[in-house]
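Trainee: Provided herewith: query-v1.txt, compact mmCIF, C-alpha atoms.
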```
# COMPACT_ATOMS: atom_id res chain seq x y z
CA MET A 83 18.62 6.66 -21.15
CA ILE A 84 16.79 3.76 -19.45
CA ALA A 85 18.21 0.49 -20.75
CA ASN A 86 15.55 -1.97 -19.64
CA ALA A 87 12.34 -2.51 -17.67
CA SER A 88 14.15 -3.21 -14.40
CA GLU A 89 15.88 0.17 -14.53
CA LEU A 90 12.54 1.83 -15.23
CA PHE A 91 11.00 0.05 -12.24
CA GLU A 92 13.92 1.11 -10.04
CA GLN A 93 13.53 4.75 -11.10
CA LEU A 94 9.78 4.70 -10.47
CA GLU A 95 10.29 3.00 -7.12
CA PHE A 96 12.45 5.85 -5.90
CA THR A 97 10.15 8.63 -7.06
CA GLU A 98 9.63 11.06 -4.20
CA ASN A 99 6.16 10.98 -2.65
CA PRO A 100 5.18 14.44 -1.31
CA LEU A 101 2.63 13.04 1.16
CA TYR A 102 5.05 10.53 2.62
CA GLU A 103 7.75 13.20 2.79
CA ARG A 104 5.38 15.40 4.80
CA ILE A 105 4.70 12.53 7.21
CA ILE A 106 8.44 11.99 7.64
CA SER A 107 9.01 15.71 8.20
CA ASP A 108 6.23 15.81 10.82
CA LEU A 109 7.62 12.80 12.67
CA LEU A 110 11.10 14.33 12.75
CA GLU A 111 9.81 17.71 13.90
CA LYS A 112 7.09 16.82 16.40
CA LYS A 113 6.94 12.99 16.57
CA TYR A 114 3.41 12.77 15.15
CA SER A 115 1.65 13.42 11.85
CA VAL A 116 -2.00 13.99 10.96
CA VAL A 117 -3.17 13.22 7.43
CA ASP A 118 -6.75 14.05 6.50
CA ASP A 119 -8.28 12.03 3.67
CA PHE A 120 -5.47 9.45 3.69
CA PHE A 121 -8.34 7.20 2.64
CA ASN A 122 -11.02 8.62 0.35
CA ALA A 123 -14.75 8.51 1.03
CA ASP A 124 -15.35 5.32 -0.96
CA GLU A 125 -12.51 3.51 0.82
CA VAL A 126 -13.77 4.65 4.21
CA ASP A 127 -17.30 3.48 3.36
CA LEU A 128 -15.98 0.06 2.35
CA LEU A 129 -13.89 -0.31 5.50
CA ARG A 130 -16.68 0.98 7.74
CA SER A 131 -19.26 -1.40 6.32
CA THR A 132 -16.85 -4.32 6.69
CA LEU A 133 -16.11 -3.38 10.30
CA LEU A 134 -19.82 -3.10 11.14
CA GLU A 135 -20.61 -6.40 9.45
CA LYS A 136 -17.98 -8.20 11.49
CA TYR A 137 -19.07 -6.39 14.66
CA GLU A 138 -22.69 -7.42 14.15
CA GLU A 139 -21.53 -11.01 13.73
CA ASP A 140 -20.16 -10.76 17.27
CA ASN A 141 -16.57 -11.39 16.17
CA PHE A 142 -15.10 -8.64 18.34
CA LYS A 143 -13.76 -9.16 21.84
CA LYS A 144 -13.23 -6.83 24.78
CA ALA A 145 -9.84 -5.16 24.48
CA ALA A 146 -7.19 -5.69 27.14
CA ILE A 147 -4.14 -3.85 28.36
CA GLY A 148 -0.67 -5.31 27.90
CA ASN A 149 0.60 -7.33 24.97
CA ARG A 150 -0.81 -10.63 23.77
CA THR A 151 1.27 -12.64 26.25
CA ASN A 152 0.22 -10.57 29.23
CA GLU A 153 -3.32 -9.32 28.67
CA VAL A 154 -5.47 -7.91 31.41
CA ILE A 155 -9.01 -6.70 30.81
CA ALA A 156 -9.53 -3.45 32.72
CA LYS A 157 -12.76 -1.52 32.10
CA SER A 158 -11.47 1.33 34.25
CA VAL A 159 -8.60 1.86 31.79
CA ARG A 160 -10.09 1.13 28.36
CA GLY A 161 -13.49 0.24 26.99
CA ASP A 162 -13.07 -0.63 23.32
CA PHE A 163 -13.84 -3.87 21.50
CA ILE A 164 -11.37 -5.12 18.89
CA LEU A 165 -10.91 -7.65 16.10
CA TRP A 166 -7.37 -8.41 14.89
CA ILE A 167 -6.87 -8.28 11.13
CA ASN A 168 -4.84 -11.06 9.49
CA GLU A 169 -3.34 -9.66 6.30
CA ALA A 170 -2.91 -13.17 4.87
CA GLU A 171 -6.67 -13.65 5.10
CA ALA A 172 -7.66 -10.11 4.11
CA GLY A 173 -10.85 -9.47 2.19
CA PRO A 174 -11.43 -6.69 -0.36
CA ALA A 175 -11.68 -3.93 2.26
CA GLU A 176 -8.59 -5.03 4.19
CA ASN A 177 -6.63 -5.30 0.93
CA VAL A 178 -7.44 -1.67 0.17
CA TYR A 179 -6.14 -0.78 3.62
CA PHE A 180 -2.95 -2.84 3.51
CA ASN A 181 -2.05 -1.73 -0.01
CA LYS A 182 -1.71 1.85 1.21
CA ILE A 183 -0.03 0.90 4.48
CA ASN A 184 2.50 -1.32 2.70
CA SER A 185 3.29 1.48 0.27
CA LEU A 186 4.01 3.82 3.17
CA VAL A 187 6.11 1.19 4.98
CA ALA A 188 8.21 0.52 1.88
CA TYR A 189 8.84 4.25 1.49
CA LEU A 190 9.82 4.69 5.15
CA ASN A 191 12.20 1.76 5.01
CA ARG A 192 13.76 2.92 1.76
CA THR A 193 14.20 6.60 2.65
CA CYS A 194 14.61 6.52 6.44
CA PHE A 195 16.04 3.04 6.99
CA MET A 196 13.44 2.46 9.71
CA GLY A 197 13.73 -1.31 9.57
CA ILE A 198 9.99 -1.95 9.80
CA LEU A 199 9.54 -5.69 9.30
CA HIS A 200 6.20 -6.43 10.95
CA LYS A 201 2.85 -4.79 11.46
CA GLU A 202 -0.26 -5.53 13.47
CA PHE A 203 -3.67 -3.93 13.08
CA HIS A 204 -7.15 -4.39 14.47
CA TYR A 205 -10.60 -2.97 13.98
CA ALA A 206 -11.74 -1.03 17.05
CA VAL A 207 -15.18 0.01 18.27
CA TYR A 208 -15.64 2.34 21.23
CA PRO A 209 -19.26 2.08 22.43
CA GLU A 210 -20.97 5.12 23.91
CA GLY A 211 -19.39 6.19 27.20
CA THR A 212 -16.11 4.32 26.75
CA PHE A 213 -12.57 5.69 26.69
CA TYR A 214 -8.89 4.71 26.94
CA LYS A 215 -6.88 6.39 29.66
CA LYS A 216 -3.47 7.97 29.16
CA HIS A 217 -0.83 5.41 28.17
CA LEU A 218 2.23 4.64 26.07
CA ASP A 219 2.12 2.10 23.21
CA THR A 220 5.04 -0.01 24.36
CA PHE A 221 5.66 -2.78 26.88
CA GLN A 222 8.42 -3.69 29.31
CA ASN A 223 8.88 -7.06 27.64
CA ASP A 224 8.39 -5.91 24.03
CA GLY A 225 9.81 -2.72 22.58
CA ARG A 226 9.38 -3.53 18.90
CA ARG A 227 6.60 -1.03 18.22
CA LYS A 228 8.06 1.89 16.30
CA LEU A 229 5.07 3.81 14.96
CA SER A 230 1.45 3.80 16.08
CA MET A 231 -1.29 4.40 13.50
CA VAL A 232 -5.01 4.99 13.76
CA CYS A 233 -7.40 5.36 10.83
CA TYR A 234 -10.88 6.69 11.59
CA LEU A 235 -13.94 5.13 9.96
CA ASN A 236 -16.74 7.23 11.43
CA ASN A 237 -19.60 8.65 9.38
CA GLU A 238 -19.00 11.71 7.25
CA ASP A 239 -21.22 13.78 9.56
CA TRP A 240 -19.05 13.14 12.63
CA LYS A 241 -19.06 16.19 14.89
CA PRO A 242 -16.56 17.28 17.56
CA GLU A 243 -19.28 17.18 20.20
CA ASN A 244 -19.44 13.40 19.68
CA GLY A 245 -16.25 13.18 21.72
CA GLY A 246 -13.73 10.39 21.26
CA GLU A 247 -10.88 12.72 20.40
CA LEU A 248 -7.31 11.40 20.54
CA ALA A 249 -5.31 13.45 23.03
CA ILE A 250 -1.56 13.36 22.35
CA TYR A 251 0.77 14.70 25.03
CA THR A 252 3.95 16.43 23.89
CA GLN A 253 6.64 18.53 25.52
CA GLU A 254 7.11 22.16 24.55
CA ASN A 255 9.67 24.32 26.36
CA GLY A 256 9.74 21.83 29.21
CA GLU A 257 5.96 21.88 29.69
CA GLU A 258 3.40 19.28 28.68
CA LYS A 259 1.16 20.28 25.79
CA THR A 260 -2.04 18.49 24.78
CA ILE A 261 -2.99 18.05 21.12
CA ASN A 262 -6.65 17.05 20.67
CA LEU A 263 -7.38 15.31 17.38
CA TYR A 264 -10.95 14.50 16.39
CA PRO A 265 -11.74 11.18 14.67
CA PHE A 266 -12.96 12.53 11.34
CA PRO A 267 -13.49 9.86 8.65
CA GLY A 268 -10.47 9.10 6.49
CA ARG A 269 -8.09 10.84 8.89
CA VAL A 270 -4.94 8.94 9.81
CA VAL A 271 -2.77 9.80 12.81
CA ILE A 272 0.77 8.42 13.00
CA PHE A 273 3.02 8.89 16.02
CA GLU A 274 6.08 7.45 17.74
CA SER A 275 4.95 4.54 19.89
CA GLN A 276 7.71 4.78 22.48
CA GLU A 277 7.70 8.57 22.81
CA LEU A 278 4.20 10.03 23.01
CA GLU A 279 1.66 9.29 25.70
CA HIS A 280 -1.94 9.58 24.54
CA GLU A 281 -5.53 8.78 25.44
CA VAL A 282 -8.96 8.45 23.89
CA LYS A 283 -11.48 10.79 25.50
CA PRO A 284 -14.97 9.46 26.37
CA VAL A 285 -17.20 8.96 23.33
CA LYS A 286 -20.85 9.97 23.12
CA VAL A 287 -21.64 7.91 20.01
CA PRO A 288 -19.87 4.73 18.83
CA ARG A 289 -16.39 5.47 17.48
CA LEU A 290 -14.94 3.30 14.68
CA SER A 291 -11.33 2.89 13.61
CA ILE A 292 -8.47 0.68 12.55
CA THR A 293 -5.58 0.89 14.99
CA GLY A 294 -2.17 -0.70 14.77
CA TRP A 295 1.59 -0.57 14.93
CA LEU A 296 4.58 -0.74 12.61
CA LYS A 297 7.22 -2.86 14.28
CA THR A 298 10.96 -3.45 14.00
CA ARG A 299 12.74 -6.73 14.57
```
Could you render the structure from this file as structure tokens?
Mentor:
Amino acid sequence: MIANASELFEQLEFTENPLYERIISDLLEKKYSVVDDFFNADEVDLLRSTLLEKYEEDNFKKAAIGNRTNEVIAKSVRGDFILWINEAEAGPAENVYFNKINSLVAYLNRTCFMGILHKEFHYAVYPEGTFYKKHLDTFQNDGRRKLSMVCYLNNEDWKPENGGELAIYTQENGEEKTINLYPFPGRVVIFESQELEHEVKPVKVPRLSITGWLKTR
């Protein structure tokens, strides 16, 4: 019998989440997980409209390679424009996003002892013809990134021929295997930052997303 409200809260807090368990299972088995409709259509619409509003206000900047202390702009490597999201100053759309991300982080820390203490996310726009060449989401002077995440905010009529797929490179029986994942709206891809090389293939229409990392100490 539950004696008080705190015990009830503790029991609810440890209720198994089937979606999160599937993500964990995927990460253990193949080091990446793909979740369609992680965000519903209304949430995607809200996030997309907020991204476009900020983009039209010219708040985005050309993305660079390297971390924030060692940034180099290289058009031959990547062509996206980004805007960092400060959770402390989040608006309604960003709060919707972070509420779900924080729920996932709490579950990962509680069940897998991942030790995720920090996170960083930015809006990203890939204009027509841009790409991001094959790379790894970690740096020589900063290995705190544990998991990479990308949430796609494209229109509901996004088609594979629009390009912009995320290519993840894995090893299978000693040979490299390529997994091509299309940026359908609401889809979230999560993968191990220090393990899987990946790239964004050239886009034929603007490609919208939120990209970021869950980081340890």
Trainee: Just want the 10 Å neighbourhood of Leu278 in chain A, counted on all atoms listed in the file, with same-chain residues fewer than 2 positions away dropped. Output as JSON, numbers by chain.
Mentor: {"A": [112, 113, 114, 217, 218, 219, 230, 250, 251, 252, 253, 273, 274, 275, 276, 280]}
Trainee: Kindly indicate which residue among A:Thr293, A:Thr260, A:Asn181, A:Ser107 lies nearest to Val232 in chain A, using all atoms listed in the file for the distances.
Mentor: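 Closest residue, counting all atoms listed in the file: A:Thr293.
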Trainee: If I take CA of Glu135 in chain A and CA of Gly211 in chain A, how far is one from the other in Å, to one decimal?
Mentor: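 Taking CA of Glu135 in chain A as the start and CA of Gly211 in chain A as the end point, the length is 21.8 Å.
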Trainee: Record the distance separating CA of Phe163 in chain A and CA of Glu279 in chain A, expressed in Å with one decimal.
Mentor: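 A separation of 20.8 Å between them.
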Trainee: I need the residue nearest Pro100 in chain A from this list: A:Leu134, A:Leu129, A:Leu186, A:Ala123. Use all atoms listed in the file for the distance.
Mentor: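 Ranked by minimum distance to Pro100 in chain A, first place goes to A:Leu186.
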Trainee: Any idea what the distance is between CA of Phe142 in chain A and CA of Val287 in chain A?
Mentor: 17.9 Å
Trainee: In terms of the shortest atom-to-atom distance over all atoms listed in the file, which of A:Leu290, A:Leu128, A:Ala172, A:Leu199 is closest to Val187 in chain A?
Mentor: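 The answer is A:Leu199, which sits nearest to Val187 in chain A.
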Trainee: For Ile292 in chain A, which residue out of A:Phe195, A:Tyr205, A:Tyr137, A:Tyr189 is the nearest one, using all atoms listed in the file?
Mentor: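 Using all atoms listed in the file, the shortest distance to Ile292 in chain A belongs to A:Tyr205.
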Trainee: Point out the residue among A:Lys143, A:Arg192, A:Arg160, A:Arg269 with the least atom-to-atom distance to Glu98 in chain A, counting all atoms listed in the file.
Mentor: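 Result for the nearest residue to Glu98 in chain A: A:Arg192.
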Trainee: Considering only C-alpha atoms, state which residue in the set A:Glu171, A:Glu243, A:Asp162, A:Glu176 is at the smallest distance from Tyr208 in chain A.
Mentor: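 Selected residue with least distance to Tyr208 in chain A: A:Asp162.
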Trainee: Listed atoms of range 278-283 of chain A, axis-aligned box, 5 Å per side: centre and edge lengths to one decimal in Å, as AutoDock Vina command-line options?
Mentor:
```
--center_x -3.6 --center_y 9.6 --center_z 24.4 --size_x 25.7 --size_y 12.3 --size_z 12.7
```
Trainee: Once you count all atoms listed in the file, which residues end up no further than 12 Å from (-3.7, -0.5, 2.2) in the file's frame, shown as a PyMOL selection string?
Mentor: chain A and resi 120-122+125-126+129+169+172-188+203+233+292
Trainee: Show which residues sit within 8 Å of Asn262 in chain A, as a PyMOL selection string. Count all atoms listed in the file, and ignore same-chain residues fewer than 3 positions away.
Mentor: chain A and resi 247-250
Trainee: Suppose we keep C-alpha atoms; can you now write the selection as a short mmCIF file (atom, residue, chain, number, x, y, z; two decimals), keeping the file's coordinate frame?
Mentor:
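The resulting file, selection_30.cif, is reproduced below:
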```cif
data_model
loop_
_atom_site.label_atom_id
_atom_site.label_comp_id
_atom_site.auth_asym_id
_atom_site.auth_seq_id
_atom_site.Cartn_x
_atom_site.Cartn_y
_atom_site.Cartn_z
CA GLU A 247 -10.88 12.72 20.40
CA LEU A 248 -7.31 11.40 20.54
CA ALA A 249 -5.31 13.45 23.03
CA ILE A 250 -1.56 13.36 22.35
#
```
Trainee: Is there a way to get, as a ChimeraX atom specification, all residues within 7 Å of the point (-3.0, 11.8, 30.7) in file coordinates, counting only C-alpha atoms?
Mentor: /A:215-216,280-281
Trainee: Since we have the selection now, will you write its residues out, keeping C-alpha atoms, as an mmCIF file, keeping the file's coordinate frame?
Mentor:
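After the write, result17.cif holds the following:
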```cif
data_model
loop_
_atom_site.group_PDB
_atom_site.id
_atom_site.type_symbol
_atom_site.label_atom_id
_atom_site.label_comp_id
_atom_site.auth_asym_id
_atom_site.auth_seq_id
_atom_site.Cartn_x
_atom_site.Cartn_y
_atom_site.Cartn_z
ATOM 1 C CA LYS A 215 -6.880 6.390 29.660
ATOM 2 C CA LYS A 216 -3.470 7.970 29.160
ATOM 3 C CA HIS A 280 -1.940 9.580 24.540
ATOM 4 C CA GLU A 281 -5.530 8.780 25.440
#
```
